[in-house]
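> Structure provided below as structure tokens; questions to follow.
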Amino acid sequence: MTRRLAEVAKKVGVSEATVSRVLNGKPGVSDATRQAVLTALDVLGYERPTQLRGERARLVGLVLPELQNPIFPAFAEVIGGALAQLGLTPVLCTQTKGGVSEADYVELLLQQQVSGVVFAGGLYAQADAPHDHYRLLAARNIPVVLVNAAIEHLGFPAVSCDDAVAVEQAWRHLASLGHERIGLLLGPGDHVPSARKLAAARAIAGDLPEECVARAIFSLEGGHAAASRLIDRGVTGIICASDPLALGAVRAARRKGYDVPGRVSVVGYDDSAFMNCTEPPLTTVRQPIEAMGRAAVELLNAQIGGTAVPAEELLFEPELVVRGSTGQAPRD
């Protein structure tokens, strides 16, 4: 008990006596200090005293699929900062291969009595993935917001970048450079954002041959392997579903001895960190991360405050950022 008091007191920056008063429900402590002590208790993994367990912590789960793709740390920074401004403490939950699953994280967050959960990239964007942990959150009436293209029947509010507009911008850019053999490098077949991008491309192209579509896991290596197939099929312009996939496509072209953009043009998606520092600098479609992250937090905070939020998707406009990885189509 003494160790717990000392750790919590150090975390909050108050005396052990103040922590003791909070834990024993005694007066003489401000609401702000009391809430800070309870939050520290949750963060450090200690159980609340029985009389305080009925109160939900001011913790918010922020669940991400990975941190290797720079887009997810970018979302975490915006969302975490916006939560902190509201007096909410983000709990970062990042999946690792062979580690804790998304469903396991949901169980842990429920044990911590979180006020809500924001998912930025996850199984909700895969039609064939297990979704029982989302239904569990809904059954417990936990406020939830999903970032980017969720499965419709889950019934949570969502904040997304408009995939159709993103593909249209990228496609028209390549077409204006004279590219006629344009290919798509997408995620898995059940990935909702990728399905939206494919539908948009088909609407623009009218007839998009299957040989101009390749799928991969979201990684540089996956992009390399899939782009190699597209290049072998004569594609001169590649629109990718993420920046790491696009970097893989650039590497694939170079391994074949082709110049980028002299022989193959590549367009990424996200405009994540350092894409202007690659060689060549990557042309990509920028997600409005700041606006999307803040909108997600606003939706979550409204739910936490008891306001009903429509289970609909807010679509944000992307922006094409032209750099050095796209150029005129080859004449041969």
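By convention in this document, the chains of the structure tokens carry letters A, B, ... by their order, each chain's residues are numbered from 1, and ligands are numbered from 1 in the order they are shown.
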Counting only C-alpha atoms, what is within 9 Å of segment 216-233 of chain A, bar same-chain residues fewer than 5 positions away, as a compact mmCIF listing (two decimals) with N, CA, C and O atoms, in the first residue's frame?


```txt
# COMPACT_ATOMS: atom_id res chain seq x y z
N GLN A 68 5.40 1.25 -37.81
CA GLN A 68 6.41 1.33 -38.86
C GLN A 68 5.99 2.26 -40.00
O GLN A 68 6.81 2.96 -40.57
N ASN A 69 4.71 2.24 -40.33
CA ASN A 69 4.19 3.18 -41.33
C ASN A 69 4.05 4.55 -40.65
O ASN A 69 3.28 4.69 -39.69
N GLY A 183 -1.64 1.35 -63.50
CA GLY A 183 -1.97 0.22 -62.63
C GLY A 183 -2.24 0.65 -61.20
O GLY A 183 -1.86 1.74 -60.78
N LEU A 184 -2.93 -0.22 -60.45
CA LEU A 184 -3.22 0.02 -59.05
C LEU A 184 -2.49 -1.00 -58.19
O LEU A 184 -2.53 -2.21 -58.49
N LEU A 185 -1.85 -0.54 -57.12
CA LEU A 185 -1.21 -1.41 -56.16
C LEU A 185 -1.96 -1.25 -54.85
O LEU A 185 -1.84 -0.23 -54.18
N LEU A 186 -2.78 -2.26 -54.50
CA LEU A 186 -3.73 -2.15 -53.40
C LEU A 186 -3.41 -3.12 -52.27
O LEU A 186 -2.55 -3.99 -52.40
N GLY A 187 -4.18 -2.98 -51.19
CA GLY A 187 -4.07 -3.91 -50.08
C GLY A 187 -4.88 -5.18 -50.37
O GLY A 187 -5.33 -5.40 -51.50
N PRO A 188 -5.11 -6.02 -49.35
CA PRO A 188 -5.83 -7.28 -49.53
C PRO A 188 -7.24 -7.07 -50.09
O PRO A 188 -7.81 -5.98 -50.01
N GLU A 211 -5.17 -7.38 -65.08
CA GLU A 211 -3.71 -7.44 -65.07
C GLU A 211 -3.09 -6.12 -64.62
O GLU A 211 -1.89 -6.06 -64.31
N ILE A 238 1.95 3.81 -61.66
CA ILE A 238 1.41 2.98 -60.58
C ILE A 238 0.85 3.87 -59.48
O ILE A 238 1.55 4.71 -58.92
N CYS A 240 -0.56 3.78 -55.75
CA CYS A 240 -0.41 2.88 -54.61
C CYS A 240 -1.34 3.27 -53.46
O CYS A 240 -1.67 4.44 -53.28
N ALA A 241 -1.72 2.28 -52.66
CA ALA A 241 -2.65 2.50 -51.55
C ALA A 241 -1.97 2.98 -50.28
O ALA A 241 -2.64 3.24 -49.28
N SER A 242 -0.64 3.10 -50.29
CA SER A 242 0.08 3.66 -49.14
C SER A 242 1.46 4.10 -49.60
O SER A 242 1.95 3.68 -50.66
N ASP A 243 2.10 4.93 -48.81
CA ASP A 243 3.45 5.37 -49.14
C ASP A 243 4.48 4.23 -49.07
O ASP A 243 5.34 4.14 -49.95
N PRO A 244 4.42 3.36 -48.05
CA PRO A 244 5.37 2.24 -48.06
C PRO A 244 5.22 1.35 -49.30
O PRO A 244 6.23 0.88 -49.85
N LEU A 245 4.00 1.13 -49.76
CA LEU A 245 3.82 0.37 -51.00
C LEU A 245 4.47 1.10 -52.17
O LEU A 245 5.10 0.48 -53.04
N ALA A 246 4.33 2.42 -52.19
CA ALA A 246 4.92 3.22 -53.27
C ALA A 246 6.44 3.15 -53.24
O ALA A 246 7.09 3.05 -54.29
N LEU A 247 7.03 3.19 -52.06
CA LEU A 247 8.49 3.08 -51.96
C LEU A 247 8.95 1.70 -52.44
O LEU A 247 10.01 1.56 -53.05
N GLY A 248 8.13 0.68 -52.16
CA GLY A 248 8.43 -0.65 -52.67
C GLY A 248 8.37 -0.69 -54.19
O GLY A 248 9.18 -1.36 -54.84
N ALA A 249 7.42 0.06 -54.77
CA ALA A 249 7.29 0.12 -56.23
C ALA A 249 8.51 0.81 -56.85
O ALA A 249 9.01 0.39 -57.90
N VAL A 250 8.98 1.88 -56.22
CA VAL A 250 10.18 2.56 -56.71
C VAL A 250 11.37 1.61 -56.69
O VAL A 250 12.15 1.52 -57.65
N ARG A 251 11.49 0.86 -55.60
CA ARG A 251 12.60 -0.09 -55.50
C ARG A 251 12.50 -1.18 -56.56
O ARG A 251 13.50 -1.59 -57.15
N ALA A 252 11.26 -1.65 -56.81
CA ALA A 252 11.06 -2.70 -57.82
C ALA A 252 11.51 -2.22 -59.20
O ALA A 252 12.17 -2.95 -59.95
N ALA A 253 11.13 -0.99 -59.54
CA ALA A 253 11.52 -0.44 -60.84
C ALA A 253 13.04 -0.36 -60.97
O ALA A 253 13.62 -0.74 -61.98
N LYS A 256 14.89 -3.54 -61.57
CA LYS A 256 14.78 -3.99 -62.96
C LYS A 256 15.60 -3.13 -63.91
O LYS A 256 15.58 -3.33 -65.12
N VAL A 264 9.06 4.48 -65.22
CA VAL A 264 7.88 4.17 -64.40
C VAL A 264 7.61 5.34 -63.47
O VAL A 264 8.52 5.83 -62.79
```

> Applying 9 Å and only C-alpha atoms, which residues near Ile182 of chain A remain after dropping the ones on its own chain fewer than 4 positions away? List them as a PyMOL selection string.

chain A and resi 171+174-175+208+212+235-239

> One decimal, Å: what's the distance from atom CA of Val145 of chain A over to atom CA of Met292 of chain A, could you say?

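Interatomic distance here is 11.2 Å.
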
> Write out as a ChimeraX atom specification which residues come within 9 Å of Ser15 of chain A when counting only C-alpha atoms, dropping same-chain ones fewer than 6 positions away.

/A:5-6,9

> Please report, as JSON lines, each residue of segment 227-285 of chain A lying at most 10 Å from segment 159-163 of chain A, together with the nearest pair of atoms and the separation in Å rounded to one decimal; use only C-alpha atoms, and order rows by chain and ascending residue number.


```
{"residue": "A:Ala241", "atom": "CA", "partner": "A:Asp163", "partner_atom": "CA", "distance": 9.2}
{"residue": "A:Tyr269", "atom": "CA", "partner": "A:Asp163", "partner_atom": "CA", "distance": 9.6}
{"residue": "A:Asp270", "atom": "CA", "partner": "A:Cys161", "partner_atom": "CA", "distance": 9.5}
{"residue": "A:Val285", "atom": "CA", "partner": "A:Asp163", "partner_atom": "CA", "distance": 9.9}
```

> Based on the selection just made, write C-alpha atoms of those residues as a short mmCIF file (atom, residue, chain, number, x, y, z; two decimals), in the first residue's frame.


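The resulting file, again33.cif, is reproduced below:
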```cif
data_model
loop_
_atom_site.label_atom_id
_atom_site.label_comp_id
_atom_site.auth_asym_id
_atom_site.auth_seq_id
_atom_site.Cartn_x
_atom_site.Cartn_y
_atom_site.Cartn_z
CA ALA A 241 -2.65 2.50 -51.55
CA TYR A 269 -0.98 7.68 -50.60
CA ASP A 270 -0.84 9.41 -47.17
CA VAL A 285 -1.96 12.00 -52.12
#
```

> Can you list every residue in segment 1-134 of chain A that DSSP puts in alpha helix (DSSP H), as a PDB file with N, CA, C and O atoms, in the first residue's frame?


```
ATOM      1  N   THR A   2       1.928   1.238   0.836  1.00  0.00           N
ATOM      2  CA  THR A   2       2.816   2.394   0.925  1.00  0.00           C
ATOM      3  C   THR A   2       3.507   2.649  -0.413  1.00  0.00           C
ATOM      4  O   THR A   2       3.637   3.796  -0.855  1.00  0.00           O
ATOM      5  N   ARG A   3       3.927   1.534  -1.077  1.00  0.00           N
ATOM      6  CA  ARG A   3       4.572   1.668  -2.385  1.00  0.00           C
ATOM      7  C   ARG A   3       3.609   2.258  -3.405  1.00  0.00           C
ATOM      8  O   ARG A   3       3.983   3.100  -4.216  1.00  0.00           O
ATOM      9  N   ARG A   4       2.352   1.806  -3.351  1.00  0.00           N
ATOM     10  CA  ARG A   4       1.362   2.337  -4.282  1.00  0.00           C
ATOM     11  C   ARG A   4       1.155   3.828  -4.057  1.00  0.00           C
ATOM     12  O   ARG A   4       1.097   4.610  -5.022  1.00  0.00           O
ATOM     13  N   LEU A   5       1.037   4.251  -2.820  1.00  0.00           N
ATOM     14  CA  LEU A   5       0.857   5.672  -2.518  1.00  0.00           C
ATOM     15  C   LEU A   5       2.030   6.486  -3.062  1.00  0.00           C
ATOM     16  O   LEU A   5       1.841   7.551  -3.658  1.00  0.00           O
ATOM     17  N   ALA A   6       3.242   5.975  -2.871  1.00  0.00           N
ATOM     18  CA  ALA A   6       4.430   6.701  -3.305  1.00  0.00           C
ATOM     19  C   ALA A   6       4.480   6.827  -4.828  1.00  0.00           C
ATOM     20  O   ALA A   6       4.794   7.897  -5.360  1.00  0.00           O
ATOM     21  N   GLU A   7       4.162   5.742  -5.519  1.00  0.00           N
ATOM     22  CA  GLU A   7       4.206   5.769  -6.986  1.00  0.00           C
ATOM     23  C   GLU A   7       3.169   6.721  -7.561  1.00  0.00           C
ATOM     24  O   GLU A   7       3.455   7.484  -8.481  1.00  0.00           O
ATOM     25  N   VAL A   8       1.945   6.654  -7.019  1.00  0.00           N
ATOM     26  CA  VAL A   8       0.881   7.526  -7.517  1.00  0.00           C
ATOM     27  C   VAL A   8       1.200   8.980  -7.203  1.00  0.00           C
ATOM     28  O   VAL A   8       1.010   9.875  -8.036  1.00  0.00           O
ATOM     29  N   ALA A   9       1.705   9.243  -5.991  1.00  0.00           N
ATOM     30  CA  ALA A   9       2.051  10.606  -5.596  1.00  0.00           C
ATOM     31  C   ALA A   9       3.120  11.171  -6.516  1.00  0.00           C
ATOM     32  O   ALA A   9       3.047  12.334  -6.957  1.00  0.00           O
ATOM     33  N   LYS A  10       4.116  10.358  -6.850  1.00  0.00           N
ATOM     34  CA  LYS A  10       5.191  10.803  -7.735  1.00  0.00           C
ATOM     35  C   LYS A  10       4.655  11.074  -9.130  1.00  0.00           C
ATOM     36  O   LYS A  10       5.036  12.054  -9.782  1.00  0.00           O
ATOM     37  N   LYS A  11       3.754  10.207  -9.592  1.00  0.00           N
ATOM     38  CA  LYS A  11       3.190  10.360 -10.930  1.00  0.00           C
ATOM     39  C   LYS A  11       2.416  11.669 -11.052  1.00  0.00           C
ATOM     40  O   LYS A  11       2.489  12.364 -12.070  1.00  0.00           O
ATOM     41  N   VAL A  12       1.647  12.016 -10.033  1.00  0.00           N
ATOM     42  CA  VAL A  12       0.777  13.195 -10.083  1.00  0.00           C
ATOM     43  C   VAL A  12       1.516  14.465  -9.647  1.00  0.00           C
ATOM     44  O   VAL A  12       1.175  15.568 -10.078  1.00  0.00           O
ATOM     45  N   GLU A  16       1.848  12.030  -0.597  1.00  0.00           N
ATOM     46  CA  GLU A  16       1.203  10.742  -0.346  1.00  0.00           C
ATOM     47  C   GLU A  16      -0.073  10.923   0.484  1.00  0.00           C
ATOM     48  O   GLU A  16      -1.032  10.173   0.335  1.00  0.00           O
ATOM     49  N   ALA A  17      -0.066  11.938   1.331  1.00  0.00           N
ATOM     50  CA  ALA A  17      -1.252  12.208   2.146  1.00  0.00           C
ATOM     51  C   ALA A  17      -2.442  12.596   1.260  1.00  0.00           C
ATOM     52  O   ALA A  17      -3.583  12.182   1.509  1.00  0.00           O
ATOM     53  N   THR A  18      -2.170  13.369   0.214  1.00  0.00           N
ATOM     54  CA  THR A  18      -3.242  13.762  -0.711  1.00  0.00           C
ATOM     55  C   THR A  18      -3.788  12.538  -1.437  1.00  0.00           C
ATOM     56  O   THR A  18      -5.004  12.391  -1.594  1.00  0.00           O
ATOM     57  N   VAL A  19      -2.892  11.677  -1.876  1.00  0.00           N
ATOM     58  CA  VAL A  19      -3.331  10.443  -2.542  1.00  0.00           C
ATOM     59  C   VAL A  19      -4.185   9.619  -1.600  1.00  0.00           C
ATOM     60  O   VAL A  19      -5.236   9.073  -1.988  1.00  0.00           O
ATOM     61  N   SER A  20      -3.767   9.515  -0.351  1.00  0.00           N
ATOM     62  CA  SER A  20      -4.518   8.743   0.646  1.00  0.00           C
ATOM     63  C   SER A  20      -5.913   9.314   0.842  1.00  0.00           C
ATOM     64  O   SER A  20      -6.895   8.569   0.954  1.00  0.00           O
ATOM     65  N   ARG A  21      -6.037  10.651   0.885  1.00  0.00           N
ATOM     66  CA  ARG A  21      -7.355  11.261   1.052  1.00  0.00           C
ATOM     67  C   ARG A  21      -8.273  10.911  -0.120  1.00  0.00           C
ATOM     68  O   ARG A  21      -9.457  10.652   0.064  1.00  0.00           O
ATOM     69  N   VAL A  22      -7.705  10.932  -1.348  1.00  0.00           N
ATOM     70  CA  VAL A  22      -8.507  10.596  -2.525  1.00  0.00           C
ATOM     71  C   VAL A  22      -8.977   9.159  -2.444  1.00  0.00           C
ATOM     72  O   VAL A  22     -10.160   8.848  -2.661  1.00  0.00           O
ATOM     73  N   LEU A  23      -8.056   8.245  -2.137  1.00  0.00           N
ATOM     74  CA  LEU A  23      -8.391   6.820  -2.126  1.00  0.00           C
ATOM     75  C   LEU A  23      -9.387   6.464  -1.026  1.00  0.00           C
ATOM     76  O   LEU A  23     -10.137   5.496  -1.151  1.00  0.00           O
ATOM     77  N   ASP A  31     -11.227  18.824  -7.354  1.00  0.00           N
ATOM     78  CA  ASP A  31     -11.710  17.854  -8.339  1.00  0.00           C
ATOM     79  C   ASP A  31     -10.621  17.484  -9.339  1.00  0.00           C
ATOM     80  O   ASP A  31     -10.491  16.325  -9.743  1.00  0.00           O
ATOM     81  N   ALA A  32      -9.824  18.497  -9.740  1.00  0.00           N
ATOM     82  CA  ALA A  32      -8.767  18.249 -10.719  1.00  0.00           C
ATOM     83  C   ALA A  32      -7.714  17.294 -10.163  1.00  0.00           C
ATOM     84  O   ALA A  32      -7.273  16.356 -10.849  1.00  0.00           O
ATOM     85  N   THR A  33      -7.308  17.534  -8.906  1.00  0.00           N
ATOM     86  CA  THR A  33      -6.308  16.661  -8.281  1.00  0.00           C
ATOM     87  C   THR A  33      -6.877  15.267  -8.076  1.00  0.00           C
ATOM     88  O   THR A  33      -6.197  14.257  -8.307  1.00  0.00           O
ATOM     89  N   ARG A  34      -8.120  15.209  -7.647  1.00  0.00           N
ATOM     90  CA  ARG A  34      -8.756  13.910  -7.427  1.00  0.00           C
ATOM     91  C   ARG A  34      -8.781  13.109  -8.723  1.00  0.00           C
ATOM     92  O   ARG A  34      -8.458  11.917  -8.740  1.00  0.00           O
ATOM     93  N   GLN A  35      -9.149  13.753  -9.830  1.00  0.00           N
ATOM     94  CA  GLN A  35      -9.207  13.055 -11.110  1.00  0.00           C
ATOM     95  C   GLN A  35      -7.815  12.636 -11.560  1.00  0.00           C
ATOM     96  O   GLN A  35      -7.628  11.549 -12.125  1.00  0.00           O
ATOM     97  N   ALA A  36      -6.819  13.485 -11.304  1.00  0.00           N
ATOM     98  CA  ALA A  36      -5.443  13.155 -11.690  1.00  0.00           C
ATOM     99  C   ALA A  36      -4.944  11.930 -10.926  1.00  0.00           C
ATOM    100  O   ALA A  36      -4.258  11.058 -11.493  1.00  0.00           O
ATOM    101  N   VAL A  37      -5.290  11.831  -9.664  1.00  0.00           N
ATOM    102  CA  VAL A  37      -4.889  10.668  -8.852  1.00  0.00           C
ATOM    103  C   VAL A  37      -5.550   9.387  -9.370  1.00  0.00           C
ATOM    104  O   VAL A  37      -4.900   8.348  -9.514  1.00  0.00           O
ATOM    105  N   LEU A  38      -6.828   9.462  -9.688  1.00  0.00           N
ATOM    106  CA  LEU A  38      -7.537   8.284 -10.194  1.00  0.00           C
ATOM    107  C   LEU A  38      -6.984   7.852 -11.550  1.00  0.00           C
ATOM    108  O   LEU A  38      -6.836   6.652 -11.820  1.00  0.00           O
ATOM    109  N   THR A  39      -6.667   8.830 -12.394  1.00  0.00           N
ATOM    110  CA  THR A  39      -6.087   8.504 -13.704  1.00  0.00           C
ATOM    111  C   THR A  39      -4.723   7.847 -13.540  1.00  0.00           C
ATOM    112  O   THR A  39      -4.406   6.862 -14.215  1.00  0.00           O
ATOM    113  N   ALA A  40      -3.900   8.393 -12.621  1.00  0.00           N
ATOM    114  CA  ALA A  40      -2.578   7.800 -12.375  1.00  0.00           C
ATOM    115  C   ALA A  40      -2.710   6.372 -11.868  1.00  0.00           C
ATOM    116  O   ALA A  40      -1.932   5.487 -12.226  1.00  0.00           O
ATOM    117  N   LEU A  41      -3.699   6.131 -11.036  1.00  0.00           N
ATOM    118  CA  LEU A  41      -3.955   4.791 -10.519  1.00  0.00           C
ATOM    119  C   LEU A  41      -4.223   3.824 -11.675  1.00  0.00           C
ATOM    120  O   LEU A  41      -3.689   2.709 -11.716  1.00  0.00           O
ATOM    121  N   ASP A  42      -5.038   4.280 -12.625  1.00  0.00           N
ATOM    122  CA  ASP A  42      -5.364   3.442 -13.788  1.00  0.00           C
ATOM    123  C   ASP A  42      -4.131   3.201 -14.661  1.00  0.00           C
ATOM    124  O   ASP A  42      -3.872   2.081 -15.102  1.00  0.00           O
ATOM    125  N   VAL A  43      -3.388   4.285 -14.917  1.00  0.00           N
ATOM    126  CA  VAL A  43      -2.225   4.185 -15.799  1.00  0.00           C
ATOM    127  C   VAL A  43      -1.176   3.242 -15.221  1.00  0.00           C
ATOM    128  O   VAL A  43      -0.543   2.460 -15.942  1.00  0.00           O
ATOM    129  N   ILE A  71       2.406   7.073 -41.081  1.00  0.00           N
ATOM    130  CA  ILE A  71       1.085   7.695 -40.997  1.00  0.00           C
ATOM    131  C   ILE A  71       0.444   7.456 -39.632  1.00  0.00           C
ATOM    132  O   ILE A  71      -0.282   8.302 -39.109  1.00  0.00           O
ATOM    133  N   PHE A  72       0.735   6.311 -39.007  1.00  0.00           N
ATOM    134  CA  PHE A  72       0.088   5.988 -37.730  1.00  0.00           C
ATOM    135  C   PHE A  72       0.668   6.775 -36.560  1.00  0.00           C
ATOM    136  O   PHE A  72      -0.103   7.281 -35.730  1.00  0.00           O
ATOM    137  N   PRO A  73       1.987   6.938 -36.442  1.00  0.00           N
ATOM    138  CA  PRO A  73       2.485   7.863 -35.423  1.00  0.00           C
ATOM    139  C   PRO A  73       1.969   9.287 -35.627  1.00  0.00           C
ATOM    140  O   PRO A  73       1.737  10.011 -34.646  1.00  0.00           O
ATOM    141  N   ALA A  74       1.774   9.682 -36.884  1.00  0.00           N
ATOM    142  CA  ALA A  74       1.245  11.024 -37.160  1.00  0.00           C
ATOM    143  C   ALA A  74      -0.170  11.163 -36.616  1.00  0.00           C
ATOM    144  O   ALA A  74      -0.529  12.162 -35.981  1.00  0.00           O
ATOM    145  N   PHE A  75      -1.007  10.152 -36.868  1.00  0.00           N
ATOM    146  CA  PHE A  75      -2.361  10.171 -36.316  1.00  0.00           C
ATOM    147  C   PHE A  75      -2.321  10.153 -34.785  1.00  0.00           C
ATOM    148  O   PHE A  75      -3.092  10.850 -34.118  1.00  0.00           O
ATOM    149  N   ALA A  76      -1.422   9.343 -34.218  1.00  0.00           N
ATOM    150  CA  ALA A  76      -1.320   9.238 -32.761  1.00  0.00           C
ATOM    151  C   ALA A  76      -0.966  10.578 -32.136  1.00  0.00           C
ATOM    152  O   ALA A  76      -1.505  10.956 -31.087  1.00  0.00           O
ATOM    153  N   GLU A  77      -0.075  11.317 -32.791  1.00  0.00           N
ATOM    154  CA  GLU A  77       0.333  12.623 -32.267  1.00  0.00           C
ATOM    155  C   GLU A  77      -0.834  13.601 -32.259  1.00  0.00           C
ATOM    156  O   GLU A  77      -1.077  14.297 -31.258  1.00  0.00           O
ATOM    157  N   VAL A  78      -1.584  13.657 -33.352  1.00  0.00           N
ATOM    158  CA  VAL A  78      -2.713  14.590 -33.436  1.00  0.00           C
ATOM    159  C   VAL A  78      -3.815  14.195 -32.462  1.00  0.00           C
ATOM    160  O   VAL A  78      -4.328  15.024 -31.698  1.00  0.00           O
ATOM    161  N   ILE A  79      -4.197  12.928 -32.492  1.00  0.00           N
ATOM    162  CA  ILE A  79      -5.299  12.458 -31.646  1.00  0.00           C
ATOM    163  C   ILE A  79      -4.912  12.540 -30.174  1.00  0.00           C
ATOM    164  O   ILE A  79      -5.702  12.998 -29.327  1.00  0.00           O
ATOM    165  N   GLY A  80      -3.688  12.126 -29.846  1.00  0.00           N
ATOM    166  CA  GLY A  80      -3.247  12.191 -28.457  1.00  0.00           C
ATOM    167  C   GLY A  80      -3.219  13.613 -27.927  1.00  0.00           C
ATOM    168  O   GLY A  80      -3.643  13.877 -26.793  1.00  0.00           O
ATOM    169  N   GLY A  81      -2.746  14.545 -28.745  1.00  0.00           N
ATOM    170  CA  GLY A  81      -2.714  15.942 -28.321  1.00  0.00           C
ATOM    171  C   GLY A  81      -4.098  16.524 -28.114  1.00  0.00           C
ATOM    172  O   GLY A  81      -4.349  17.252 -27.142  1.00  0.00           O
ATOM    173  N   ALA A  82      -5.027  16.189 -29.015  1.00  0.00           N
ATOM    174  CA  ALA A  82      -6.399  16.693 -28.896  1.00  0.00           C
ATOM    175  C   ALA A  82      -7.096  16.108 -27.666  1.00  0.00           C
ATOM    176  O   ALA A  82      -7.863  16.801 -26.991  1.00  0.00           O
ATOM    177  N   LEU A  83      -6.820  14.850 -27.358  1.00  0.00           N
ATOM    178  CA  LEU A  83      -7.397  14.230 -26.161  1.00  0.00           C
ATOM    179  C   LEU A  83      -6.864  14.912 -24.902  1.00  0.00           C
ATOM    180  O   LEU A  83      -7.629  15.204 -23.971  1.00  0.00           O
ATOM    181  N   ALA A  84      -5.561  15.157 -24.871  1.00  0.00           N
ATOM    182  CA  ALA A  84      -4.955  15.782 -23.695  1.00  0.00           C
ATOM    183  C   ALA A  84      -5.535  17.168 -23.437  1.00  0.00           C
ATOM    184  O   ALA A  84      -5.721  17.565 -22.283  1.00  0.00           O
ATOM    185  N   GLN A  85      -5.840  17.905 -24.504  1.00  0.00           N
ATOM    186  CA  GLN A  85      -6.436  19.234 -24.349  1.00  0.00           C
ATOM    187  C   GLN A  85      -7.806  19.167 -23.683  1.00  0.00           C
ATOM    188  O   GLN A  85      -8.260  20.140 -23.081  1.00  0.00           O
ATOM    189  N   GLU A 102      -5.743  -7.103 -31.423  1.00  0.00           N
ATOM    190  CA  GLU A 102      -6.680  -5.996 -31.262  1.00  0.00           C
ATOM    191  C   GLU A 102      -7.768  -6.368 -30.258  1.00  0.00           C
ATOM    192  O   GLU A 102      -8.144  -5.549 -29.407  1.00  0.00           O
ATOM    193  N   ALA A 103      -8.267  -7.602 -30.340  1.00  0.00           N
ATOM    194  CA  ALA A 103      -9.302  -8.065 -29.398  1.00  0.00           C
ATOM    195  C   ALA A 103      -8.761  -8.098 -27.969  1.00  0.00           C
ATOM    196  O   ALA A 103      -9.473  -7.739 -27.012  1.00  0.00           O
ATOM    197  N   ASP A 104      -7.494  -8.509 -27.804  1.00  0.00           N
ATOM    198  CA  ASP A 104      -6.884  -8.534 -26.472  1.00  0.00           C
ATOM    199  C   ASP A 104      -6.772  -7.116 -25.906  1.00  0.00           C
ATOM    200  O   ASP A 104      -7.015  -6.891 -24.717  1.00  0.00           O
ATOM    201  N   TYR A 105      -6.401  -6.181 -26.763  1.00  0.00           N
ATOM    202  CA  TYR A 105      -6.311  -4.795 -26.310  1.00  0.00           C
ATOM    203  C   TYR A 105      -7.673  -4.271 -25.861  1.00  0.00           C
ATOM    204  O   TYR A 105      -7.769  -3.537 -24.871  1.00  0.00           O
ATOM    205  N   VAL A 106      -8.716  -4.639 -26.574  1.00  0.00           N
ATOM    206  CA  VAL A 106     -10.061  -4.201 -26.187  1.00  0.00           C
ATOM    207  C   VAL A 106     -10.407  -4.734 -24.792  1.00  0.00           C
ATOM    208  O   VAL A 106     -10.954  -4.009 -23.950  1.00  0.00           O
ATOM    209  N   GLU A 107     -10.077  -5.987 -24.530  1.00  0.00           N
ATOM    210  CA  GLU A 107     -10.322  -6.562 -23.198  1.00  0.00           C
ATOM    211  C   GLU A 107      -9.562  -5.786 -22.128  1.00  0.00           C
ATOM    212  O   GLU A 107     -10.106  -5.469 -21.062  1.00  0.00           O
ATOM    213  N   LEU A 108      -8.307  -5.468 -22.397  1.00  0.00           N
ATOM    214  CA  LEU A 108      -7.499  -4.720 -21.436  1.00  0.00           C
ATOM    215  C   LEU A 108      -8.068  -3.322 -21.201  1.00  0.00           C
ATOM    216  O   LEU A 108      -8.112  -2.838 -20.056  1.00  0.00           O
ATOM    217  N   LEU A 109      -8.519  -2.687 -22.267  1.00  0.00           N
ATOM    218  CA  LEU A 109      -9.082  -1.338 -22.138  1.00  0.00           C
ATOM    219  C   LEU A 109     -10.377  -1.357 -21.348  1.00  0.00           C
ATOM    220  O   LEU A 109     -10.652  -0.456 -20.540  1.00  0.00           O
ATOM    221  N   LEU A 110     -11.185  -2.385 -21.544  1.00  0.00           N
ATOM    222  CA  LEU A 110     -12.422  -2.510 -20.778  1.00  0.00           C
ATOM    223  C   LEU A 110     -12.123  -2.717 -19.294  1.00  0.00           C
ATOM    224  O   LEU A 110     -12.825  -2.182 -18.430  1.00  0.00           O
ATOM    225  N   GLN A 111     -11.081  -3.462 -19.003  1.00  0.00           N
ATOM    226  CA  GLN A 111     -10.691  -3.667 -17.610  1.00  0.00           C
ATOM    227  C   GLN A 111     -10.269  -2.351 -16.956  1.00  0.00           C
ATOM    228  O   GLN A 111     -10.453  -2.161 -15.753  1.00  0.00           O
ATOM    229  N   ASP A 132     -15.939  -9.375 -33.468  1.00  0.00           N
ATOM    230  CA  ASP A 132     -16.680  -9.566 -32.219  1.00  0.00           C
ATOM    231  C   ASP A 132     -16.280  -8.551 -31.151  1.00  0.00           C
ATOM    232  O   ASP A 132     -17.121  -8.137 -30.338  1.00  0.00           O
ATOM    233  N   HIS A 133     -15.011  -8.136 -31.123  1.00  0.00           N
ATOM    234  CA  HIS A 133     -14.578  -7.193 -30.086  1.00  0.00           C
ATOM    235  C   HIS A 133     -15.208  -5.820 -30.279  1.00  0.00           C
ATOM    236  O   HIS A 133     -15.418  -5.089 -29.312  1.00  0.00           O
ATOM    237  N   TYR A 134     -15.547  -5.464 -31.518  1.00  0.00           N
ATOM    238  CA  TYR A 134     -16.265  -4.205 -31.750  1.00  0.00           C
ATOM    239  C   TYR A 134     -17.694  -4.301 -31.212  1.00  0.00           C
ATOM    240  O   TYR A 134     -18.222  -3.356 -30.624  1.00  0.00           O
TER     241      TYR A 134
END
```

> Between A:Val60, A:Ala125, A:Val165, A:Ala296, single out the one closest to Ile142 of chain A, counting only C-alpha atoms.

A:Val60

> Which residue gives the smallest distance to Val267 of chain A among A:Thr94, A:Ser325, A:Ser176, A:Ser30, with only C-alpha atoms counted?

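Among A:Thr94, A:Ser325, A:Ser176, A:Ser30, it is A:Ser325 that comes nearest to Val267 of chain A.
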
> Let me make sure I understand: among A:Glu312, A:Glu279, A:Asp207, A:Asp128, which one has the smallest atom-to-atom distance to His191 of chain A if we use only C-alpha atoms?

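Among the listed residues, A:Asp128 lies closest to His191 of chain A.
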